[in-house]
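Q: A single structure is presented below for examination.
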Amino acid sequence: MTMTNAVKNEAVLDSAHVGDIRGAFGTIRHGDVAARTGIWQRLRTLLAILGPGLIVMVGDNDAGAFSTYAQAGQNYGTSLLWTLILLIPVLYVNQEMVLRLGAVTGVGHARLILERFGKFWGAFSAIDLFLLNALTIVTEFIGITLALQYLGLPKEWGVVAAALLVMAAASTGDFRRFERFAMILVVFSLFLVPVFMMVHPPMEQIGHDLLAPGMPAGGKLSDVMLLIIAIVGTTVAPWQLFFQQSYVIDKRITPRFIKYERADLWLGIVLVLIGAIAIIGMAAALFAGKPEFGNFQDAGAVAAGLGKYHSHLAGVLFSIALIDASLIGASAVSLSTAYALADVLNMKHSLHRKPSDARAFYLVYFLLIAGAAALVLIPGVPLGLLTNAVQTLAGVLLPSASVFLLLLCNDKEVLGPWVNGRWTNLFTGAVAAVLVLLSVILTASVLWPDISSQTIINVLVGGGIIGGIVVIAAHTVKLRRDAETGADLADEAKPSKLYMQTWRMPPLDQLKPMVLSRANRLWMAVLRGYLVVAVIMVVYKVTQVALLGH
């Protein structure tokens with residue numbers, strides 16, 4: 001691989017990842033170290049950086065999110081809006097860590113797991129991500145078919161056209177063209193706002209339910225808890241971690257521009273919240289007092305409800321927003337998979353390259369899209385079973401993704417001066433423990449649909465107590481070790497701004513092996529056992545349903 005002298009001591013896996021930042025709204029020349037002092041200079045820099053955060057967050061409001069949020073609104077009104085506010089810090093902290101990993105290391109998430117945790121975890125993460133994402137892309141095309149049905153357009157031609165559009169957008173060999181395509185989809189996601197305004201939901205009630213946590217009156221606790229977990233699962237998805245880290249690398253963003261990428265992420269979080277609140281609020285107001293309230297079917301039925309109780313225009317706008325969400329979701333999820341596999345297998349992988357120059361990378365991308373589109377068009381395919389499988393596999397992958405992310409962001413060989421601070425570790429440790437707990441409940445609920453409310457409460461209370469003790473104990477041990485070794489004093493001498501902006505992870509073969517503490521080794525052993533058991537049970541359950549129909 002040919003690289004400039006400036007990057008010989010950096011872990012650049014693809015030479016296409018070095019060069020000018022050519023974003024949708026501007027360019028930053030490679031090696032540009034000029035200070036941004038004026039407002040106009042900072043704005044131009046931000047415009048050039050915009051993209052990764054917006055795309056990953058708006059892509060999170062995909063077809064699956066439309067269904068989950070609409071179900072929350074149609075079945076329980078606006079009573080679960082507070083969950084979105086609680087997820088804001090989780091979204092930011094998780095995605096900020098991966099954007100930091102991408103900008104500082106130049107290596108994708110899957111490759112870092114492989115190099116730092118070994119072949120088992122590297123292979124497991126790549127294979128599980130591939131299976132989960134492949135099924136997720138199927139749900140995106142299910143969303144497209146539901147929207148086409150309401151619009152009265154032929155499903156076959158619409159699905160084929162959507163698949164070709166998604167494949168064509170990423171295969172021009174011009175990163176900027178793809179990002180401009182994605183940003184157009186980001187803008188079209190705002191079609192949900194006029195639909196929300198048309199329905200006129202009660203704003204005072206929405207404001208109250210956003211800020212005051214509560215449970216729906218009369219709702220069955222087990223059903224409500226599973227929907228809350230589904231909201232968490234659709235808002236904090238494993239593919240987001242892999243996508244944003246690789247996309248930041250592919251866009252050639254370096255530590256010098258991390259603060260601008262953080263601003264991009266915040267803008268994305270604002271948009272994802274606008275979309276989620278709009279769907280929940282609209283569905284709640286639309287079906288309040290109607291026979292359909294409490295009887296959610298799918299996003300297509302929501303579009304039909306808009307046409308029935310409000311206007312055909314509202315149904316059309318909602319359907320267009322659903323197609324838009326499915327397109328950006330399919331693009332981002334497919335790219336996250338192609339990036340991850342190419343990282344692990346050390347193949348050329350960049351949107352700066354044409355298909356002829358990165359055949360394997362684009363082949364994975366094309367096959368995922370084409371395969372998902374074909375499955376949706378095959379008569380008799382159990383689409384409901386596929387949707388359940390997506391939820392279950394997400395539950396299996398999320399614990400490992402959260403734990404790996406936290407460990408990588410404390411690996412000084414990987415992040416150097418950019419490692420997590422103490423309070424970030426305490427918060428993310430608590431978040432990881434909660435996500436592990438929720439994923440266990442989600443996986444169990446899919447495997448045993450009749451799980452009782454009392455069982456869920458027992459798991460939450462018992463797991464919460466154990467998780468809290470573990471997080472506090474781990475943090476206390478770390479504080480004592482830092483005090484004994486003097487690391488707490490060393491942390492007070494913060495590195496210079498220039499050092500922070502120019503520090504990059506060395507090539508992978510120059511890194512010292514990761515040394516895990518006893519507590520972390522125990523975490524990994526428990527996680528490995530849970531994953532093996534969960535995968536066996538999921539495969540058994542899915543096979544049973546597919547063959548026996550129950």
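Identifiers in the structure tokens: chain A, B, ... in order shown; residue index from 1 per chain; ligand index from 1 in order shown.
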With only C-alpha atoms as the counted atoms, please give the residues lying no more than 9 Å from Ala370 (chain A), apart from itself and same-chain residues fewer than 3 positions off, as a list in words.
A: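 My list of contacting residues is Val160, Ala163, Leu164, Met167, Tyr365, Phe366, Leu367, Ala373, Ala374 and Leu375 of chain A.
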Q: Go ahead and write the residues just picked, C-alpha atoms, as a CSV table (one decimal), in the first residue's frame.
A:
chain,number,residue,atom,x,y,z
A,160,VAL,CA,-36.7,-3.2,-7.8
A,163,ALA,CA,-32.9,-1.5,-4.7
A,164,LEU,CA,-31.3,-0.1,-7.9
A,167,MET,CA,-27.0,0.4,-5.2
A,365,TYR,CA,-23.1,-4.3,-0.5
A,366,PHE,CA,-24.9,-5.3,-3.7
A,367,LEU,CA,-25.8,-8.8,-2.5
A,373,ALA,CA,-35.4,-7.1,-2.2
A,374,ALA,CA,-35.8,-10.6,-3.6
A,375,LEU,CA,-36.9,-12.1,-0.3
Q: If you run DSSP on the backbone here, which positions in region 22-254 of chain A get strand (DSSP E)? Please write them as number ranges by chain.
A: A: 22-23, 26-28
Q: Store the residues picked out above, limited to N, CA and C atoms, as a PDB file, in the first residue's frame.
A:
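As a result, again-v3.pdb now contains:
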ATOM      1  N   ARG A  22     -14.007  15.585   1.388  1.00  0.00           N
ATOM      2  CA  ARG A  22     -14.904  16.097   0.348  1.00  0.00           C
ATOM      3  C   ARG A  22     -16.344  15.777   0.742  1.00  0.00           C
ATOM      4  N   GLY A  23     -16.900  16.631   1.603  1.00  0.00           N
ATOM      5  CA  GLY A  23     -18.247  16.412   2.090  1.00  0.00           C
ATOM      6  C   GLY A  23     -19.299  16.937   1.147  1.00  0.00           C
ATOM      7  N   GLY A  26     -18.967  20.923   1.276  1.00  0.00           N
ATOM      8  CA  GLY A  26     -17.703  21.645   1.288  1.00  0.00           C
ATOM      9  C   GLY A  26     -16.503  20.719   1.295  1.00  0.00           C
ATOM     10  N   THR A  27     -15.322  21.311   1.164  1.00  0.00           N
ATOM     11  CA  THR A  27     -14.068  20.558   1.103  1.00  0.00           C
ATOM     12  C   THR A  27     -13.069  21.123   2.107  1.00  0.00           C
ATOM     13  N   ILE A  28     -12.322  20.239   2.747  1.00  0.00           N
ATOM     14  CA  ILE A  28     -11.198  20.624   3.599  1.00  0.00           C
ATOM     15  C   ILE A  28      -9.967  19.922   3.047  1.00  0.00           C
TER      16      ILE A  28
END
Q: Pull the closest atom pair for each residue of region 77-144 of chain A that gets at most 10 Å from region 211-225 of chain A, along with the distance in Å to one decimal, counting only C-alpha atoms, ordering rows by chain and then ascending residue number, as a tab-separated table.
A:
residue	atom	partner	partner_atom	distance
A:Gly77	CA	A:Pro216	CA	8.0
A:Thr78	CA	A:Pro216	CA	8.8
A:Ser79	CA	A:Pro216	CA	5.7
A:Leu80	CA	A:Met215	CA	7.1
A:Leu81	CA	A:Pro213	CA	8.1
A:Trp82	CA	A:Pro213	CA	5.4
A:Thr83	CA	A:Pro213	CA	7.6
A:Leu84	CA	A:Leu211	CA	9.8
A:Ile85	CA	A:Leu211	CA	7.5
A:Leu86	CA	A:Leu211	CA	9.4
Q: Dump N, CA, C and O atoms for the selected residues as a PDB file, in the first residue's frame?
A:
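Saved file result-v9.pdb follows:
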ATOM      1  N   GLY A  77     -50.946   5.934  23.365  1.00  0.00           N
ATOM      2  CA  GLY A  77     -50.941   7.389  23.323  1.00  0.00           C
ATOM      3  C   GLY A  77     -49.534   7.947  23.412  1.00  0.00           C
ATOM      4  O   GLY A  77     -48.580   7.362  22.893  1.00  0.00           O
ATOM      5  N   THR A  78     -49.403   9.077  24.100  1.00  0.00           N
ATOM      6  CA  THR A  78     -48.077   9.718  24.218  1.00  0.00           C
ATOM      7  C   THR A  78     -47.398   9.386  25.551  1.00  0.00           C
ATOM      8  O   THR A  78     -46.405  10.014  25.910  1.00  0.00           O
ATOM      9  N   SER A  79     -47.908   8.392  26.269  1.00  0.00           N
ATOM     10  CA  SER A  79     -47.426   8.109  27.619  1.00  0.00           C
ATOM     11  C   SER A  79     -45.993   7.596  27.674  1.00  0.00           C
ATOM     12  O   SER A  79     -45.374   7.602  28.738  1.00  0.00           O
ATOM     13  N   LEU A  80     -45.444   7.126  26.536  1.00  0.00           N
ATOM     14  CA  LEU A  80     -44.076   6.590  26.542  1.00  0.00           C
ATOM     15  C   LEU A  80     -43.057   7.537  25.902  1.00  0.00           C
ATOM     16  O   LEU A  80     -41.914   7.153  25.648  1.00  0.00           O
ATOM     17  N   LEU A  81     -43.459   8.776  25.667  1.00  0.00           N
ATOM     18  CA  LEU A  81     -42.536   9.739  25.055  1.00  0.00           C
ATOM     19  C   LEU A  81     -41.298   9.976  25.916  1.00  0.00           C
ATOM     20  O   LEU A  81     -40.213  10.266  25.402  1.00  0.00           O
ATOM     21  N   TRP A  82     -41.432   9.857  27.233  1.00  0.00           N
ATOM     22  CA  TRP A  82     -40.309  10.122  28.135  1.00  0.00           C
ATOM     23  C   TRP A  82     -39.110   9.210  27.866  1.00  0.00           C
ATOM     24  O   TRP A  82     -37.972   9.576  28.184  1.00  0.00           O
ATOM     25  N   THR A  83     -39.365   8.038  27.292  1.00  0.00           N
ATOM     26  CA  THR A  83     -38.242   7.139  27.016  1.00  0.00           C
ATOM     27  C   THR A  83     -37.262   7.767  26.032  1.00  0.00           C
ATOM     28  O   THR A  83     -36.058   7.511  26.099  1.00  0.00           O
ATOM     29  N   LEU A  84     -37.764   8.598  25.127  1.00  0.00           N
ATOM     30  CA  LEU A  84     -36.892   9.239  24.132  1.00  0.00           C
ATOM     31  C   LEU A  84     -35.930  10.219  24.793  1.00  0.00           C
ATOM     32  O   LEU A  84     -34.757  10.300  24.414  1.00  0.00           O
ATOM     33  N   ILE A  85     -36.417  10.962  25.782  1.00  0.00           N
ATOM     34  CA  ILE A  85     -35.559  11.922  26.477  1.00  0.00           C
ATOM     35  C   ILE A  85     -34.456  11.200  27.244  1.00  0.00           C
ATOM     36  O   ILE A  85     -33.293  11.621  27.252  1.00  0.00           O
ATOM     37  N   LEU A  86     -34.811  10.080  27.879  1.00  0.00           N
ATOM     38  CA  LEU A  86     -33.803   9.315  28.621  1.00  0.00           C
ATOM     39  C   LEU A  86     -32.738   8.733  27.701  1.00  0.00           C
ATOM     40  O   LEU A  86     -31.603   8.482  28.130  1.00  0.00           O
TER      41      LEU A  86
END
Q: Would you return as a compact mmCIF listing (two decimals) with N, CA and C atoms, in the first residue's frame the members of region 147-292 of chain A that DSSP assigns to helix (DSSP H, G or I) on this structure's backbone?
A:
# COMPACT_ATOMS: atom_id res chain seq x y z
N ALA A 147 -45.62 1.16 2.03
CA ALA A 147 -45.86 2.51 1.52
C ALA A 147 -46.37 2.48 0.08
N LEU A 148 -45.78 1.61 -0.74
CA LEU A 148 -46.22 1.50 -2.13
C LEU A 148 -47.67 1.04 -2.22
N GLN A 149 -48.04 0.16 -1.32
CA GLN A 149 -49.42 -0.34 -1.30
C GLN A 149 -50.41 0.81 -1.07
N TYR A 150 -50.10 1.70 -0.12
CA TYR A 150 -51.00 2.82 0.12
C TYR A 150 -51.03 3.78 -1.07
N LEU A 151 -49.86 3.99 -1.69
CA LEU A 151 -49.78 4.91 -2.83
C LEU A 151 -50.38 4.33 -4.10
N LYS A 155 -45.90 -3.13 -6.35
CA LYS A 155 -44.87 -3.48 -5.38
C LYS A 155 -43.59 -3.96 -6.06
N GLU A 156 -43.73 -4.80 -7.07
CA GLU A 156 -42.55 -5.41 -7.71
C GLU A 156 -41.64 -4.34 -8.30
N TRP A 157 -42.23 -3.46 -9.12
CA TRP A 157 -41.41 -2.44 -9.77
C TRP A 157 -40.85 -1.45 -8.75
N GLY A 158 -41.63 -1.13 -7.74
CA GLY A 158 -41.17 -0.19 -6.73
C GLY A 158 -39.99 -0.72 -5.94
N VAL A 159 -40.04 -1.99 -5.55
CA VAL A 159 -38.94 -2.59 -4.79
C VAL A 159 -37.68 -2.67 -5.63
N VAL A 160 -37.83 -3.08 -6.88
CA VAL A 160 -36.68 -3.17 -7.79
C VAL A 160 -36.06 -1.79 -8.00
N ALA A 161 -36.91 -0.77 -8.22
CA ALA A 161 -36.41 0.59 -8.42
C ALA A 161 -35.67 1.09 -7.19
N ALA A 162 -36.22 0.80 -6.00
CA ALA A 162 -35.58 1.22 -4.76
C ALA A 162 -34.22 0.55 -4.58
N ALA A 163 -34.16 -0.75 -4.87
CA ALA A 163 -32.90 -1.49 -4.75
C ALA A 163 -31.84 -0.93 -5.70
N LEU A 164 -32.23 -0.67 -6.94
CA LEU A 164 -31.28 -0.13 -7.92
C LEU A 164 -30.81 1.26 -7.52
N LEU A 165 -31.72 2.08 -6.97
CA LEU A 165 -31.35 3.43 -6.55
C LEU A 165 -30.32 3.39 -5.43
N VAL A 166 -30.54 2.52 -4.43
CA VAL A 166 -29.62 2.41 -3.30
C VAL A 166 -28.26 1.90 -3.77
N MET A 167 -28.25 0.93 -4.69
CA MET A 167 -26.98 0.41 -5.20
C MET A 167 -26.25 1.44 -6.04
N ALA A 168 -26.98 2.16 -6.88
CA ALA A 168 -26.35 3.15 -7.76
C ALA A 168 -25.75 4.31 -6.97
N ALA A 169 -26.44 4.74 -5.91
CA ALA A 169 -25.98 5.90 -5.14
C ALA A 169 -24.61 5.68 -4.52
N ALA A 170 -24.31 4.44 -4.14
CA ALA A 170 -23.05 4.17 -3.43
C ALA A 170 -21.93 3.71 -4.36
N PHE A 175 -17.28 9.79 -3.21
CA PHE A 175 -17.84 9.86 -1.86
C PHE A 175 -18.84 11.00 -1.74
N ARG A 176 -18.52 12.14 -2.32
CA ARG A 176 -19.39 13.31 -2.20
C ARG A 176 -20.76 13.05 -2.80
N ARG A 177 -20.83 12.33 -3.92
CA ARG A 177 -22.12 12.06 -4.54
C ARG A 177 -23.01 11.23 -3.63
N PHE A 178 -22.41 10.21 -3.01
CA PHE A 178 -23.22 9.41 -2.08
C PHE A 178 -23.70 10.25 -0.92
N GLU A 179 -22.82 11.08 -0.37
CA GLU A 179 -23.23 11.87 0.79
C GLU A 179 -24.32 12.87 0.42
N ARG A 180 -24.26 13.43 -0.77
CA ARG A 180 -25.32 14.34 -1.19
C ARG A 180 -26.64 13.59 -1.35
N PHE A 181 -26.59 12.38 -1.88
CA PHE A 181 -27.79 11.55 -1.97
C PHE A 181 -28.36 11.30 -0.58
N ALA A 182 -27.49 10.94 0.37
CA ALA A 182 -27.94 10.67 1.73
C ALA A 182 -28.50 11.92 2.39
N MET A 183 -27.92 13.07 2.13
CA MET A 183 -28.41 14.30 2.74
C MET A 183 -29.76 14.72 2.18
N ILE A 184 -30.02 14.39 0.92
CA ILE A 184 -31.36 14.62 0.36
C ILE A 184 -32.38 13.78 1.12
N LEU A 185 -32.02 12.53 1.41
CA LEU A 185 -32.91 11.67 2.18
C LEU A 185 -33.11 12.22 3.59
N VAL A 186 -32.07 12.81 4.16
CA VAL A 186 -32.19 13.43 5.49
C VAL A 186 -33.22 14.55 5.46
N VAL A 187 -33.18 15.37 4.43
CA VAL A 187 -34.14 16.48 4.31
C VAL A 187 -35.56 15.95 4.14
N PHE A 188 -35.73 14.92 3.31
CA PHE A 188 -37.06 14.36 3.07
C PHE A 188 -37.65 13.70 4.32
N SER A 189 -36.78 13.33 5.27
CA SER A 189 -37.30 12.75 6.52
C SER A 189 -38.18 13.74 7.27
N LEU A 190 -38.00 15.03 7.00
CA LEU A 190 -38.79 16.07 7.66
C LEU A 190 -40.23 16.13 7.15
N PHE A 191 -40.59 15.29 6.17
CA PHE A 191 -41.98 15.20 5.73
C PHE A 191 -42.90 14.80 6.87
N LEU A 192 -42.33 14.20 7.91
CA LEU A 192 -43.15 13.82 9.06
C LEU A 192 -43.68 15.05 9.81
N VAL A 193 -42.97 16.17 9.73
CA VAL A 193 -43.38 17.37 10.46
C VAL A 193 -44.73 17.89 9.97
N PRO A 194 -44.94 18.09 8.64
CA PRO A 194 -46.27 18.54 8.22
C PRO A 194 -47.39 17.55 8.54
N VAL A 195 -47.08 16.25 8.52
CA VAL A 195 -48.09 15.25 8.90
C VAL A 195 -48.47 15.46 10.37
N PHE A 196 -47.48 15.67 11.21
CA PHE A 196 -47.71 15.92 12.63
C PHE A 196 -48.57 17.16 12.82
N MET A 197 -48.25 18.23 12.08
CA MET A 197 -49.00 19.47 12.22
C MET A 197 -50.43 19.33 11.71
N MET A 198 -50.62 18.54 10.66
CA MET A 198 -51.96 18.34 10.12
C MET A 198 -52.90 17.68 11.14
N VAL A 199 -52.37 16.72 11.87
CA VAL A 199 -53.20 15.96 12.80
C VAL A 199 -53.51 16.76 14.06
N MET A 203 -50.36 19.57 22.18
CA MET A 203 -48.96 19.89 22.48
C MET A 203 -48.69 19.91 23.99
N GLU A 204 -49.68 20.35 24.77
CA GLU A 204 -49.48 20.39 26.22
C GLU A 204 -49.29 18.98 26.77
N GLN A 205 -50.06 18.02 26.26
CA GLN A 205 -49.92 16.63 26.71
C GLN A 205 -48.59 16.05 26.29
N ILE A 206 -48.17 16.37 25.06
CA ILE A 206 -46.88 15.89 24.56
C ILE A 206 -45.74 16.42 25.42
N GLY A 207 -45.80 17.72 25.75
CA GLY A 207 -44.76 18.30 26.60
C GLY A 207 -44.71 17.65 27.97
N HIS A 208 -45.88 17.38 28.53
CA HIS A 208 -45.95 16.73 29.85
C HIS A 208 -45.35 15.33 29.80
N ASP A 209 -45.75 14.53 28.78
CA ASP A 209 -45.30 13.14 28.72
C ASP A 209 -43.83 13.01 28.32
N LEU A 210 -43.27 14.03 27.70
CA LEU A 210 -41.84 14.02 27.40
C LEU A 210 -41.02 14.15 28.68
N LEU A 211 -41.52 14.92 29.63
CA LEU A 211 -40.73 15.25 30.81
C LEU A 211 -41.14 14.49 32.06
N LEU A 221 -48.29 -4.84 31.96
CA LEU A 221 -46.91 -4.47 32.24
C LEU A 221 -45.93 -5.17 31.31
N SER A 222 -46.13 -6.47 31.07
CA SER A 222 -45.19 -7.20 30.22
C SER A 222 -45.18 -6.64 28.80
N ASP A 223 -46.37 -6.30 28.27
CA ASP A 223 -46.45 -5.74 26.91
C ASP A 223 -45.81 -4.37 26.86
N VAL A 224 -46.06 -3.54 27.87
CA VAL A 224 -45.49 -2.19 27.90
C VAL A 224 -43.97 -2.26 28.02
N MET A 225 -43.46 -3.13 28.88
CA MET A 225 -42.02 -3.25 29.06
C MET A 225 -41.35 -3.71 27.77
N LEU A 226 -41.97 -4.64 27.08
CA LEU A 226 -41.37 -5.13 25.84
C LEU A 226 -41.37 -4.04 24.78
N LEU A 227 -42.39 -3.18 24.78
CA LEU A 227 -42.40 -2.07 23.83
C LEU A 227 -41.33 -1.05 24.18
N ILE A 228 -41.15 -0.79 25.47
CA ILE A 228 -40.07 0.12 25.89
C ILE A 228 -38.72 -0.42 25.46
N ILE A 229 -38.53 -1.73 25.64
CA ILE A 229 -37.27 -2.35 25.22
C ILE A 229 -37.12 -2.25 23.70
N ALA A 230 -38.23 -2.40 22.97
CA ALA A 230 -38.17 -2.27 21.52
C ALA A 230 -37.78 -0.85 21.12
N ILE A 231 -38.29 0.16 21.86
CA ILE A 231 -37.92 1.55 21.58
C ILE A 231 -36.42 1.74 21.80
N VAL A 232 -35.92 1.17 22.90
CA VAL A 232 -34.48 1.25 23.17
C VAL A 232 -33.70 0.55 22.06
N GLY A 233 -34.18 -0.64 21.66
CA GLY A 233 -33.47 -1.42 20.64
C GLY A 233 -33.45 -0.76 19.28
N THR A 234 -34.55 -0.08 18.93
CA THR A 234 -34.58 0.56 17.62
C THR A 234 -33.84 1.89 17.62
N THR A 235 -33.66 2.47 18.83
CA THR A 235 -32.96 3.76 18.94
C THR A 235 -31.46 3.57 19.13
N PRO A 238 -26.99 -1.92 17.13
CA PRO A 238 -25.57 -2.27 16.95
C PRO A 238 -24.96 -1.75 15.65
N TRP A 239 -25.73 -1.74 14.55
CA TRP A 239 -25.15 -1.34 13.27
C TRP A 239 -24.66 0.10 13.30
N GLN A 240 -25.29 0.94 14.16
CA GLN A 240 -24.89 2.34 14.23
C GLN A 240 -23.43 2.49 14.63
N LEU A 241 -22.98 1.65 15.57
CA LEU A 241 -21.60 1.74 16.05
C LEU A 241 -20.63 1.46 14.92
N PHE A 242 -20.89 0.37 14.18
CA PHE A 242 -20.00 -0.02 13.09
C PHE A 242 -20.05 0.99 11.94
N PHE A 243 -21.25 1.49 11.64
CA PHE A 243 -21.38 2.41 10.51
C PHE A 243 -20.66 3.72 10.76
N GLN A 244 -20.95 4.38 11.89
CA GLN A 244 -20.39 5.72 12.08
C GLN A 244 -18.88 5.70 12.17
N GLN A 245 -18.31 4.69 12.84
CA GLN A 245 -16.86 4.63 12.94
C GLN A 245 -16.23 4.49 11.56
N SER A 246 -16.76 3.60 10.74
CA SER A 246 -16.19 3.39 9.40
C SER A 246 -16.46 4.57 8.49
N TYR A 247 -17.63 5.20 8.64
CA TYR A 247 -17.95 6.33 7.76
C TYR A 247 -17.09 7.54 8.08
N VAL A 248 -16.82 7.77 9.37
CA VAL A 248 -15.91 8.84 9.77
C VAL A 248 -14.54 8.62 9.15
N ILE A 249 -14.08 7.37 9.16
CA ILE A 249 -12.78 7.04 8.56
C ILE A 249 -12.82 7.26 7.06
N ASP A 250 -13.89 6.79 6.41
CA ASP A 250 -13.99 6.92 4.96
C ASP A 250 -14.08 8.37 4.53
N PRO A 255 -8.56 13.71 14.19
CA PRO A 255 -8.85 14.28 15.51
C PRO A 255 -9.00 15.80 15.52
N ARG A 256 -8.38 16.48 14.56
CA ARG A 256 -8.47 17.94 14.51
C ARG A 256 -9.92 18.42 14.39
N PHE A 257 -10.78 17.57 13.80
CA PHE A 257 -12.16 18.00 13.51
C PHE A 257 -13.20 17.25 14.35
N ILE A 258 -12.76 16.64 15.45
CA ILE A 258 -13.70 15.89 16.28
C ILE A 258 -14.80 16.79 16.85
N LYS A 259 -14.46 18.01 17.27
CA LYS A 259 -15.49 18.86 17.86
C LYS A 259 -16.57 19.20 16.84
N TYR A 260 -16.21 19.31 15.56
CA TYR A 260 -17.22 19.58 14.53
C TYR A 260 -18.08 18.33 14.29
N GLU A 261 -17.46 17.16 14.37
CA GLU A 261 -18.22 15.92 14.20
C GLU A 261 -19.17 15.71 15.38
N ARG A 262 -18.77 16.16 16.56
CA ARG A 262 -19.69 16.08 17.70
C ARG A 262 -20.91 16.97 17.46
N ALA A 263 -20.70 18.15 16.88
CA ALA A 263 -21.83 19.03 16.56
C ALA A 263 -22.74 18.38 15.52
N ASP A 264 -22.13 17.71 14.54
CA ASP A 264 -22.90 16.98 13.52
C ASP A 264 -23.76 15.90 14.18
N LEU A 265 -23.19 15.21 15.18
CA LEU A 265 -23.93 14.17 15.89
C LEU A 265 -25.11 14.76 16.65
N TRP A 266 -24.91 15.91 17.30
CA TRP A 266 -26.01 16.54 18.03
C TRP A 266 -27.15 16.94 17.09
N LEU A 267 -26.80 17.44 15.90
CA LEU A 267 -27.84 17.77 14.92
C LEU A 267 -28.62 16.52 14.52
N GLY A 268 -27.91 15.42 14.36
CA GLY A 268 -28.58 14.16 14.02
C GLY A 268 -29.51 13.71 15.12
N ILE A 269 -29.08 13.85 16.39
CA ILE A 269 -29.92 13.45 17.51
C ILE A 269 -31.19 14.30 17.55
N VAL A 270 -31.06 15.59 17.27
CA VAL A 270 -32.24 16.47 17.22
C VAL A 270 -33.22 15.98 16.17
N LEU A 271 -32.71 15.64 14.98
CA LEU A 271 -33.59 15.17 13.90
C LEU A 271 -34.26 13.84 14.24
N VAL A 272 -33.51 12.93 14.85
CA VAL A 272 -34.10 11.63 15.18
C VAL A 272 -35.19 11.80 16.24
N LEU A 273 -35.01 12.75 17.15
CA LEU A 273 -36.04 13.02 18.15
C LEU A 273 -37.27 13.65 17.52
N ILE A 274 -37.05 14.58 16.59
CA ILE A 274 -38.19 15.20 15.90
C ILE A 274 -39.02 14.14 15.20
N GLY A 275 -38.36 13.22 14.50
CA GLY A 275 -39.07 12.17 13.79
C GLY A 275 -39.82 11.25 14.73
N ALA A 276 -39.16 10.83 15.81
CA ALA A 276 -39.79 9.89 16.76
C ALA A 276 -40.99 10.53 17.45
N ILE A 277 -40.83 11.77 17.91
CA ILE A 277 -41.93 12.47 18.58
C ILE A 277 -43.09 12.69 17.62
N ALA A 278 -42.77 13.03 16.36
CA ALA A 278 -43.81 13.26 15.36
C ALA A 278 -44.63 12.00 15.12
N ILE A 279 -43.96 10.84 15.01
CA ILE A 279 -44.69 9.59 14.75
C ILE A 279 -45.55 9.20 15.94
N ILE A 280 -44.99 9.24 17.15
CA ILE A 280 -45.75 8.86 18.33
C ILE A 280 -46.92 9.81 18.56
N GLY A 281 -46.65 11.13 18.48
CA GLY A 281 -47.70 12.12 18.71
C GLY A 281 -48.80 12.04 17.66
N MET A 282 -48.41 11.87 16.40
CA MET A 282 -49.39 11.78 15.33
C MET A 282 -50.27 10.55 15.47
N ALA A 283 -49.65 9.39 15.72
CA ALA A 283 -50.42 8.15 15.86
C ALA A 283 -51.36 8.21 17.07
N ALA A 284 -50.88 8.82 18.16
CA ALA A 284 -51.71 8.92 19.36
C ALA A 284 -52.95 9.77 19.10
N ALA A 285 -52.75 10.93 18.47
CA ALA A 285 -53.88 11.82 18.21
C ALA A 285 -54.81 11.26 17.14
N LEU A 286 -54.25 10.61 16.13
CA LEU A 286 -55.05 10.10 15.01
C LEU A 286 -56.02 9.02 15.45
N PHE A 287 -55.56 8.09 16.30
CA PHE A 287 -56.38 6.93 16.64
C PHE A 287 -57.08 7.05 18.00
Q: So, with only C-alpha atoms as the atoms that count, which of A:Ala340, A:Ala360, A:Leu91, A:Met505 lies closest to Leu114 (chain A)?
A: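 Nearest candidate to Leu114 (chain A) out of A:Ala340, A:Ala360, A:Leu91, A:Met505: A:Ala340.
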Q: Which residue, A:Tyr499, A:Phe117, A:Trp40, A:Tyr69, has the smallest gap to Met524 (chain A) when you use only C-alpha atoms?
A: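 Looking at the shortest contact to Met524 (chain A), the residue is A:Phe117.
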Q: Would you compute the distance between CA of Ala70 (chain A) and CA of Val302 (chain A)? Give it in Å to one decimal.
A: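 So the answer is 7.5 Å.
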Q: What does the structure give for the distance between CA of Asn94 (chain A) and CA of Ala11 (chain A), in Å to one decimal?
A: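 Atom-to-atom, CA of Asn94 (chain A) and CA of Ala11 (chain A) are spaced 22.5 Å apart.
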Q: Between A:Leu50, A:Ala24, A:Leu363, A:Leu153, which residue has the minimum interatomic distance to Ser319 (chain A), considering only C-alpha atoms?
A: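 Ranked by minimum distance to Ser319 (chain A), first place goes to A:Leu153.
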Q: Could you give me, as a list in words, the residues within 10 Å of Ser350 (chain A), counting only C-alpha atoms and dropping anything in the same chain fewer than 4 positions from it?
A: Asp14, Ser15, Ala16, His17, Ala170, Ser171, Gly173, Asp174, Phe175, Ser246, Tyr247, Ile249, Asp250, Lys251, Leu335, Ala338, Tyr339, Ala342, Lys354, Pro355, Asp357, Ala358, Phe361 and Tyr362 of chain A
Q: Between A:Ile113, A:Ser402, A:Ile142, A:Gly19, which has the minimum distance to Ile378 (chain A) (counting only C-alpha atoms)?
A: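 Using only C-alpha atoms, Ile378 (chain A) sits closest to A:Ile142.
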Q: Restricting the calculation to only C-alpha atoms: of A:Ala301, A:Val93, A:Val56, A:Leu511, which residue gets closest to Asp411 (chain A)?
A: A:Leu511
Q: Can you work out which one of A:Phe25, A:Phe296, A:Trp418, A:Phe120 has the shortest atom-to-atom distance to Met97 (chain A), counting only C-alpha atoms?
A: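 Between A:Phe25, A:Phe296, A:Trp418, A:Phe120, the residue approaching Met97 (chain A) most closely is A:Trp418.
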